[in-house]
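The structure under discussion appears below in the form of structure tokens.
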Amino acid sequence: MNEIIRKNRKVCENMEWITKEDWESSGDFYGLPDFCFGFIDEPLTNDISYSDILVFLANKYNCKDYLEIGVSVLKNFYQMACNTDANLIAFDINPKNPCIQIPRDFKYIKGNVLEKDDWTPLKELNVKHDLIFSDALHSNEGLQAEWDNYIKDHIADKFFIVWDDAWDNPTNYIKKNFIPQLKEKYGDLFIQHLVVQEWVKGRKHPILIVSNIKFNLD
């Protein structure tokens, strides 16, 4: 993990993730709250971040097809592009952040998780994802829409799903509504709930990792 942390911090050096003009003109500020805007470019500490976890899982378990729902300013997505070999697909309500150039091929689909028809371009790619990061709407309604409109039918035989902002709710909602369906289809699951550094220095929050692979983060 230390080497991944080093690489992730390295590729983020001297980055301007979003201009104030683009941030303000976005319909929802790219999901970047105003209290975080002034800190988004500052280097993270060497505490483990959710980006470190995602890069680690992709590399250690040879994940081939990565989907990120709610890519915001592309800070996490950029690290995945630089430090993994996975095929990359982004889904977000906003147009692609013009400040960031992803250094390799990827698919970007603009859509609202609550609108069933907006998922059609993603479905047409006919991909089964082995690593999914859910970081769009964290409401029960939003998570249910992601699940019903796409996720439940597009999971690979071996998979990781990582839900961000996994406070008591929506974690309880996920465990009640999605975990039983996954167990029925895939058998035994391995679940880890942990607190990690988020996308700005000094802030931490929980993530929930669910897999049918017996994984470890060592």
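Residues in the structure tokens are named by chain (A, B, ... in the order shown) and by number from 1 within that chain; ligands are numbered from 1 in the order shown.
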
If you run DSSP over the backbone, which residues in region 76-200 of chain A end up helix (DSSP H, G or I)? Put them as an NGL selection string. :A and (76-83 or 116-123 or 140-149 or 151-153 or 168-177 or 179-186)

Selected residues written out with N, CA and C atoms, as a tab-separated table (two decimals), in the first residue's frame:
```tsv
chain	number	residue	atom	x	y	z
A	76	ASN	N	-10.34	11.27	-8.35
A	76	ASN	CA	-10.12	9.84	-8.14
A	76	ASN	C	-9.93	9.12	-9.46
A	77	PHE	N	-10.74	9.45	-10.44
A	77	PHE	CA	-10.69	8.80	-11.75
A	77	PHE	C	-9.31	8.98	-12.39
A	78	TYR	N	-8.72	10.15	-12.22
A	78	TYR	CA	-7.39	10.43	-12.76
A	78	TYR	C	-6.35	9.49	-12.15
A	79	GLN	N	-6.43	9.26	-10.86
A	79	GLN	CA	-5.49	8.35	-10.20
A	79	GLN	C	-5.67	6.92	-10.68
A	80	MET	N	-6.90	6.52	-10.91
A	80	MET	CA	-7.16	5.19	-11.46
A	80	MET	C	-6.57	5.07	-12.86
A	81	ALA	N	-6.69	6.13	-13.64
A	81	ALA	CA	-6.15	6.12	-15.01
A	81	ALA	C	-4.64	6.03	-15.01
A	82	CYS	N	-4.00	6.73	-14.10
A	82	CYS	CA	-2.53	6.77	-14.07
A	82	CYS	C	-1.91	5.52	-13.47
A	83	ASN	N	-2.58	4.91	-12.51
A	83	ASN	CA	-1.93	3.88	-11.70
A	83	ASN	C	-2.59	2.51	-11.75
A	116	LYS	N	-33.88	6.68	-15.78
A	116	LYS	CA	-33.63	5.35	-16.34
A	116	LYS	C	-33.03	5.41	-17.74
A	117	ASP	N	-33.54	6.30	-18.58
A	117	ASP	CA	-33.06	6.37	-19.97
A	117	ASP	C	-31.61	6.84	-20.06
A	118	ASP	N	-31.14	7.57	-19.06
A	118	ASP	CA	-29.76	8.07	-19.10
A	118	ASP	C	-28.73	6.95	-18.98
A	119	TRP	N	-29.17	5.78	-18.51
A	119	TRP	CA	-28.27	4.64	-18.39
A	119	TRP	C	-28.13	3.86	-19.70
A	120	THR	N	-28.95	4.17	-20.67
A	120	THR	CA	-28.94	3.40	-21.92
A	120	THR	C	-27.58	3.38	-22.61
A	121	PRO	N	-26.88	4.53	-22.76
A	121	PRO	CA	-25.56	4.48	-23.42
A	121	PRO	C	-24.57	3.57	-22.69
A	122	LEU	N	-24.69	3.51	-21.37
A	122	LEU	CA	-23.81	2.63	-20.60
A	122	LEU	C	-24.18	1.17	-20.82
A	123	LYS	N	-25.47	0.88	-20.83
A	123	LYS	CA	-25.91	-0.49	-21.07
A	123	LYS	C	-25.47	-0.98	-22.45
A	140	ASN	N	-30.97	7.09	-0.24
A	140	ASN	CA	-31.55	5.79	-0.53
A	140	ASN	C	-32.13	5.75	-1.94
A	141	GLU	N	-32.79	6.83	-2.33
A	141	GLU	CA	-33.39	6.90	-3.66
A	141	GLU	C	-32.32	6.81	-4.74
A	142	GLY	N	-31.21	7.52	-4.56
A	142	GLY	CA	-30.15	7.49	-5.54
A	142	GLY	C	-29.49	6.14	-5.65
A	143	LEU	N	-29.21	5.51	-4.53
A	143	LEU	CA	-28.57	4.20	-4.54
A	143	LEU	C	-29.49	3.15	-5.14
A	144	GLN	N	-30.78	3.25	-4.84
A	144	GLN	CA	-31.71	2.29	-5.40
A	144	GLN	C	-31.81	2.45	-6.92
A	145	ALA	N	-31.77	3.69	-7.38
A	145	ALA	CA	-31.82	3.94	-8.82
A	145	ALA	C	-30.59	3.38	-9.52
A	146	GLU	N	-29.41	3.58	-8.95
A	146	GLU	CA	-28.19	2.98	-9.51
A	146	GLU	C	-28.32	1.47	-9.60
A	147	TRP	N	-28.81	0.90	-8.53
A	147	TRP	CA	-28.93	-0.56	-8.46
A	147	TRP	C	-29.92	-1.09	-9.49
A	148	ASP	N	-31.11	-0.50	-9.50
A	148	ASP	CA	-32.16	-1.00	-10.38
A	148	ASP	C	-31.87	-0.70	-11.86
A	149	ASN	N	-31.36	0.48	-12.13
A	149	ASN	CA	-31.16	0.91	-13.51
A	149	ASN	C	-29.92	0.32	-14.16
A	151	ILE	N	-26.57	-1.37	-11.93
A	151	ILE	CA	-25.56	-2.18	-11.25
A	151	ILE	C	-25.94	-3.66	-11.17
A	152	LYS	N	-27.16	-3.96	-10.75
A	152	LYS	CA	-27.53	-5.35	-10.46
A	152	LYS	C	-27.38	-6.28	-11.66
A	153	ASP	N	-27.44	-5.73	-12.86
A	153	ASP	CA	-27.36	-6.55	-14.07
A	153	ASP	C	-26.00	-6.47	-14.77
A	168	ASP	N	-23.96	5.40	8.75
A	168	ASP	CA	-24.96	4.41	9.17
A	168	ASP	C	-26.05	4.25	8.12
A	169	ASN	N	-26.51	5.38	7.63
A	169	ASN	CA	-27.36	5.36	6.45
A	169	ASN	C	-26.59	6.14	5.39
A	170	PRO	N	-26.22	5.56	4.25
A	170	PRO	CA	-26.91	4.47	3.57
A	170	PRO	C	-26.41	3.05	3.84
A	171	THR	N	-25.43	2.83	4.72
A	171	THR	CA	-24.92	1.47	4.91
A	171	THR	C	-26.03	0.50	5.30
A	172	ASN	N	-26.89	0.91	6.21
A	172	ASN	CA	-27.97	0.02	6.63
A	172	ASN	C	-28.91	-0.29	5.46
A	173	TYR	N	-29.13	0.70	4.61
A	173	TYR	CA	-29.99	0.50	3.44
A	173	TYR	C	-29.35	-0.51	2.48
A	174	ILE	N	-28.05	-0.36	2.25
A	174	ILE	CA	-27.33	-1.28	1.37
A	174	ILE	C	-27.39	-2.70	1.92
A	175	LYS	N	-27.15	-2.85	3.20
A	175	LYS	CA	-27.14	-4.18	3.81
A	175	LYS	C	-28.52	-4.82	3.78
A	176	LYS	N	-29.54	-4.03	3.90
A	176	LYS	CA	-30.90	-4.56	3.90
A	176	LYS	C	-31.39	-4.89	2.49
A	177	ASN	N	-31.04	-4.06	1.52
A	177	ASN	CA	-31.66	-4.17	0.21
A	177	ASN	C	-30.79	-4.79	-0.88
A	179	ILE	N	-27.37	-6.39	-0.28
A	179	ILE	CA	-26.55	-7.53	0.15
A	179	ILE	C	-27.29	-8.86	0.00
A	180	PRO	N	-28.56	-8.95	0.41
A	180	PRO	CA	-29.26	-10.23	0.22
A	180	PRO	C	-29.33	-10.66	-1.24
A	181	GLN	N	-29.53	-9.74	-2.16
A	181	GLN	CA	-29.57	-10.08	-3.57
A	181	GLN	C	-28.21	-10.58	-4.06
A	182	LEU	N	-27.16	-9.93	-3.59
A	182	LEU	CA	-25.82	-10.37	-3.98
A	182	LEU	C	-25.51	-11.75	-3.42
A	183	LYS	N	-25.89	-12.01	-2.18
A	183	LYS	CA	-25.65	-13.33	-1.58
A	183	LYS	C	-26.40	-14.42	-2.33
A	184	GLU	N	-27.62	-14.11	-2.71
A	184	GLU	CA	-28.42	-15.11	-3.42
A	184	GLU	C	-27.78	-15.47	-4.76
A	185	LYS	N	-27.20	-14.49	-5.42
A	185	LYS	CA	-26.64	-14.73	-6.75
A	185	LYS	C	-25.20	-15.22	-6.71
A	186	TYR	N	-24.40	-14.70	-5.76
A	186	TYR	CA	-22.96	-14.96	-5.78
A	186	TYR	C	-22.46	-15.80	-4.61
```

What are the closest atom pairs, with distances in Å to one decimal, for all residues of region 143-201 of chain A lying within 8 Å of region 46-57 of chain A? Consider only C-alpha atoms, order rows by chain and residue number, and present the result as JSON lines.
```
{"residue": "A:Val196", "atom": "CA", "partner": "A:Ser49", "partner_atom": "CA", "distance": 5.1}
{"residue": "A:Gln197", "atom": "CA", "partner": "A:Ser49", "partner_atom": "CA", "distance": 4.2}
{"residue": "A:Glu198", "atom": "CA", "partner": "A:Ser49", "partner_atom": "CA", "distance": 5.7}
{"residue": "A:Trp199", "atom": "CA", "partner": "A:Ser49", "partner_atom": "CA", "distance": 7.5}
```

Between CA of Leu74 (chain A) and CA of Glu16 (chain A), what is the distance, to one decimal in Å?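 Between CA of Leu74 (chain A) and CA of Glu16 (chain A) the gap is 11.1 Å.
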
Please list as number ranges by chain every residue within 8 Å of region 205-213 of chain A, counting only C-alpha atoms and excluding residues in the same chain fewer than 2 positions away. A: 50, 158-167, 171, 186-198, 203, 215

Atoms kept (C-alpha atoms) for selection, written as a CSV table (one decimal), in the first residue's frame:
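New file out_8.csv:
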```
chain,number,residue,atom,x,y,z
A,50,TYR,CA,-10.3,5.8,-0.9
A,158,LYS,CA,-15.9,-11.9,-9.5
A,159,PHE,CA,-16.4,-8.4,-8.2
A,160,PHE,CA,-15.8,-5.5,-5.8
A,161,ILE,CA,-18.4,-2.8,-5.2
A,162,VAL,CA,-17.2,0.2,-3.1
A,163,TRP,CA,-19.8,2.6,-1.7
A,164,ASP,CA,-18.5,6.0,-0.6
A,165,ASP,CA,-19.9,8.1,2.3
A,166,ALA,CA,-21.0,4.9,4.0
A,167,TRP,CA,-22.4,6.3,7.2
A,171,THR,CA,-24.9,1.5,4.9
A,186,TYR,CA,-23.0,-15.0,-5.8
A,187,GLY,CA,-22.9,-16.9,-2.5
A,188,ASP,CA,-20.6,-15.9,0.3
A,189,LEU,CA,-19.6,-12.2,0.5
A,190,PHE,CA,-16.8,-10.5,2.2
A,191,ILE,CA,-17.6,-7.0,3.6
A,192,GLN,CA,-15.3,-4.4,5.1
A,193,HIS,CA,-16.4,-1.0,6.5
A,194,LEU,CA,-13.6,1.4,7.2
A,195,VAL,CA,-12.7,5.1,7.6
A,196,VAL,CA,-10.3,6.6,5.1
A,197,GLN,CA,-9.0,9.9,3.9
A,198,GLU,CA,-11.3,11.5,1.3
A,203,ARG,CA,-11.1,15.0,6.1
A,215,PHE,CA,-9.7,-10.0,0.0
```

Residues within 9 Å of Trp17 (chain A), only C-alpha atoms, excluding chain neighbours under 2 positions, as a VMD selection string: chain A and resid 15 19 40 to 41 73 to 75 97 99 to 100

Selection export as a compact mmCIF listing (two decimals), in the first residue's frame, atoms kept: C-alpha atoms:
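Generated output (out39.txt):
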```txt
# COMPACT_ATOMS: atom_id res chain seq x y z
CA MET A 15 -2.71 19.71 -10.17
CA THR A 19 -11.27 26.39 -12.00
CA ILE A 40 -9.19 20.43 -3.38
CA ASP A 41 -5.73 21.19 -4.82
CA VAL A 73 -13.85 16.78 -10.97
CA LEU A 74 -12.12 13.47 -11.90
CA LYS A 75 -9.65 13.51 -9.01
CA ASN A 97 -14.43 18.57 -16.22
CA CYS A 99 -9.51 21.13 -16.52
CA ILE A 100 -8.40 17.50 -16.44
```

What's the 12 Å shell around Asp28 (chain A), counting only C-alpha atoms, without same-chain residues fewer than 3 positions away, as a list in words?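 So, after excluding close chain neighbours, the residues are Asp22, Trp23, Glu24, Ser25, Gly31, Leu32, Pro33, Asp34, Gly70, Ser72, Val73, Asp92, Ile93, Asn94, Pro95, Asn112, Ala136 and Leu137 of chain A.
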
Could you pull the residues within 7 Å of Tyr66 (chain A), counting only C-alpha atoms, minus those fewer than 4 positions along the same chain, as a list in words?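 Residues meeting the cut-off are Ala86, Asn87, Leu88, Ile89, His129, Asp130, Leu131 and Ile132 of chain A.
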
Hey, can you spit out that residue selection with N, CA and C atoms as a compact mmCIF listing (two decimals), in the first residue's frame?
```txt
# COMPACT_ATOMS: atom_id res chain seq x y z
N ALA A 86 -6.82 -0.98 -15.66
CA ALA A 86 -8.22 -1.33 -15.88
C ALA A 86 -8.84 -0.48 -17.00
N ASN A 87 -9.79 -1.06 -17.71
CA ASN A 87 -10.61 -0.28 -18.62
C ASN A 87 -11.48 0.66 -17.78
N LEU A 88 -11.66 1.89 -18.25
CA LEU A 88 -12.26 2.92 -17.42
C LEU A 88 -13.55 3.46 -18.03
N ILE A 89 -14.60 3.52 -17.20
CA ILE A 89 -15.85 4.14 -17.60
C ILE A 89 -16.31 5.09 -16.49
N HIS A 129 -18.80 -5.30 -14.91
CA HIS A 129 -17.73 -4.64 -14.17
C HIS A 129 -17.27 -5.47 -12.99
N ASP A 130 -15.95 -5.56 -12.82
CA ASP A 130 -15.43 -6.26 -11.64
C ASP A 130 -15.01 -5.29 -10.54
N LEU A 131 -15.05 -3.98 -10.81
CA LEU A 131 -14.79 -2.98 -9.78
C LEU A 131 -15.71 -1.79 -10.05
N ILE A 132 -16.60 -1.52 -9.09
CA ILE A 132 -17.56 -0.42 -9.21
C ILE A 132 -17.40 0.48 -8.00
```

Please indicate the distance in Å from CA of Asn14 (chain A) to CA of Pro43 (chain A), rounded to one decimal place.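 Answer for the CA of Asn14 (chain A) to CA of Pro43 (chain A) separation: 8.4 Å.
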
Between CA of Asp85 (chain A) and CA of Ile4 (chain A), distance in Å (one decimal): 13.7 Å

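You can rank A:Asn62, A:Thr45, A:Asn2, A:Gln101 by their closest distance to Ile18 (chain A) using only C-alpha atoms, and at the top of that list sits A:Gln101.
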